[in-house]
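Asker: This is my_file-v2.cif, which holds mmCIF, C-alpha atoms:
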data_run
loop_
_atom_site.group_PDB
_atom_site.id
_atom_site.type_symbol
_atom_site.label_atom_id
_atom_site.label_comp_id
_atom_site.auth_asym_id
_atom_site.auth_seq_id
_atom_site.Cartn_x
_atom_site.Cartn_y
_atom_site.Cartn_z
ATOM 1 C CA MET A 1 85.751 31.760 103.424
ATOM 2 C CA ASP A 2 87.363 34.577 105.343
ATOM 3 C CA GLN A 3 86.858 38.306 104.809
ATOM 4 C CA LYS A 4 90.056 38.731 102.800
ATOM 5 C CA GLN A 5 89.045 36.005 100.339
ATOM 6 C CA ALA A 6 85.532 37.452 100.094
ATOM 7 C CA GLU A 7 86.991 40.883 99.305
ATOM 8 C CA THR A 8 89.151 39.342 96.567
ATOM 9 C CA VAL A 9 86.076 37.713 95.001
ATOM 10 C CA ARG A 10 84.140 40.986 95.136
ATOM 11 C CA ARG A 11 87.065 42.851 93.550
ATOM 12 C CA LEU A 12 87.338 40.323 90.725
ATOM 13 C CA PHE A 13 83.637 40.586 89.859
ATOM 14 C CA SER A 14 83.948 44.366 90.058
ATOM 15 C CA LEU A 15 86.833 44.293 87.572
ATOM 16 C CA ARG A 16 84.829 42.092 85.223
ATOM 17 C CA GLU A 17 81.929 44.535 85.371
ATOM 18 C CA GLN A 18 84.131 47.619 84.871
ATOM 19 C CA TYR A 19 86.273 46.118 82.108
ATOM 20 C CA PRO A 20 84.196 43.495 80.252
ATOM 21 C CA THR A 21 86.741 43.191 77.431
ATOM 22 C CA TRP A 22 89.660 42.295 79.704
ATOM 23 C CA SER A 23 91.109 38.820 79.349
ATOM 24 C CA LEU A 24 91.403 36.424 82.267
ATOM 25 C CA SER A 25 95.156 37.063 82.274
ATOM 26 C CA ARG A 26 94.612 40.828 82.479
ATOM 27 C CA MET A 27 92.234 40.440 85.424
ATOM 28 C CA ALA A 28 94.737 38.161 87.184
ATOM 29 C CA LEU A 29 97.490 40.714 86.600
ATOM 30 C CA GLN A 30 95.349 43.521 88.026
ATOM 31 C CA LEU A 31 94.542 41.516 91.162
ATOM 32 C CA ASN A 32 98.248 40.826 91.620
ATOM 33 C CA VAL A 33 99.206 44.488 91.089
ATOM 34 C CA GLU A 34 96.647 45.510 93.721
ATOM 35 C CA GLY A 35 98.201 43.056 96.190
ATOM 36 C CA TYR A 36 95.523 40.361 96.213
ATOM 37 C CA ARG A 37 96.736 36.792 96.688
ATOM 38 C CA THR A 38 95.209 33.332 96.515
ATOM 39 C CA ALA A 39 94.221 31.451 99.663
ATOM 40 C CA GLN A 40 97.677 29.840 99.469
ATOM 41 C CA GLY A 41 99.365 33.257 99.357
ATOM 42 C CA LYS A 42 100.378 32.997 95.692
ATOM 43 C CA SER A 43 99.827 35.287 92.731
ATOM 44 C CA PHE A 44 96.685 34.815 90.669
ATOM 45 C CA THR A 45 96.741 33.121 87.274
ATOM 46 C CA LYS A 46 94.100 33.112 84.556
ATOM 47 C CA VAL A 47 93.042 29.599 85.621
ATOM 48 C CA GLN A 48 92.240 30.722 89.172
ATOM 49 C CA VAL A 49 90.370 33.763 87.860
ATOM 50 C CA LYS A 50 88.282 31.534 85.573
ATOM 51 C CA ARG A 51 87.435 29.169 88.429
ATOM 52 C CA ILE A 52 86.144 32.052 90.533
ATOM 53 C CA LEU A 53 84.146 33.584 87.681
ATOM 54 C CA ASP A 54 82.652 30.178 86.792
ATOM 55 C CA ARG A 55 81.236 29.913 90.335
ATOM 56 C CA GLU A 56 79.293 33.185 90.183
ATOM 57 C CA GLY A 57 76.042 31.546 91.280
ATOM 58 C CA PHE A 58 77.712 30.136 94.378
ATOM 59 C CA TYR A 59 79.055 33.554 95.325
ATOM 60 C CA LYS A 60 75.551 34.984 94.879
ATOM 61 C CA GLY A 61 74.220 32.505 97.440
ATOM 62 C CA GLN A 62 72.790 29.959 95.015
ATOM 63 C CA TYR A 63 73.252 26.222 95.190
ATOM 64 C CA THR A 64 73.231 24.057 92.078
ATOM 65 C CA TYR A 65 73.270 20.272 91.909
ATOM 66 C CA GLY A 66 72.743 18.826 88.458
ATOM 67 C CA HIS A 67 69.708 20.651 87.078
ATOM 68 C CA ILE A 68 68.386 21.604 90.508
ATOM 69 C CA GLU A 69 68.928 25.183 91.660
ATOM 70 C CA SER A 70 67.999 26.704 94.999
ATOM 71 C CA GLN A 71 69.076 29.380 97.415
ATOM 72 C CA GLY A 72 71.952 28.130 99.499
ATOM 73 C CA ILE A 73 72.156 28.468 103.240
ATOM 74 C CA HIS A 74 75.431 30.383 102.977
ATOM 75 C CA GLN A 75 75.701 34.155 102.968
ATOM 76 C CA PRO A 76 76.083 35.668 99.465
ATOM 77 C CA ILE A 77 79.410 37.386 98.786
ATOM 78 C CA ILE A 78 78.408 39.370 95.695
#
Give the structure from this file in structure tokens form.
Answerer:
Amino acid sequence: MDQKQAETVRRLFSLREQYPTWSLSRMALQLNVEGYRTAQGKSFTKVQVKRILDREGFYKGQYTYGHIESQGIHQPII
């Protein structure tokens, strides 16, 4: 993951923390308004936002396989 993608992930989790009542669509819209784009250079949709939010553990540096959880070897983003 490059720095730009990591910044997008951090911004999304920041939005979720600041505005816990926002819908996935609203968070996607805000990312788009602020100029963030997907890795493919497209606008965000609620589906992409959900996929990122669902992988919170991964972005915190955790690795999960089945019921096994451990610290991953990758650098945490959030």
Asker: Could you jot down the CA of Glu56 (chain A) to CA of Leu29 (chain A) separation for me, Å, one decimal place?
Answerer: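 One can read the CA of Glu56 (chain A) to CA of Leu29 (chain A) distance as 20.0 Å.
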Asker: Could you pull the residues within 12 Å of Lys42 (chain A), counting all atoms listed in the file, minus those fewer than 4 positions along the same chain, as a PDB file with C-alpha atoms, keeping the file's coordinate frame?
Answerer:
ATOM      1  CA  ALA A  28      94.737  38.161  87.184  1.00  0.00           C
ATOM      2  CA  LEU A  31      94.542  41.516  91.162  1.00  0.00           C
ATOM      3  CA  ASN A  32      98.248  40.826  91.620  1.00  0.00           C
ATOM      4  CA  GLY A  35      98.201  43.056  96.190  1.00  0.00           C
ATOM      5  CA  TYR A  36      95.523  40.361  96.213  1.00  0.00           C
ATOM      6  CA  ARG A  37      96.736  36.792  96.688  1.00  0.00           C
ATOM      7  CA  THR A  38      95.209  33.332  96.515  1.00  0.00           C
ATOM      8  CA  GLN A  48      92.240  30.722  89.172  1.00  0.00           C
TER       9      GLN A  48
END
Asker: Translate the PyMOL selection byres ((chain A and resi 9) around 12) into a concrete residue list for this structure, as number ranges by chain.
Answerer: A: 1-8, 10-16, 27-28, 31, 36-39, 44, 48-56, 58-60, 76-78
Asker: One decimal, in Å: what's the spacing between CA of Trp22 (chain A) and CA of Val47 (chain A)?
Answerer: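 Computing the Euclidean distance for CA of Trp22 (chain A) and CA of Val47 (chain A) yields 14.4 Å.
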Asker: Go ahead and compute the interatomic distance for CA of Arg26 (chain A) and CA of Thr45 (chain A), in Å to one decimal.
Answerer: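 A separation of 9.3 Å between them.
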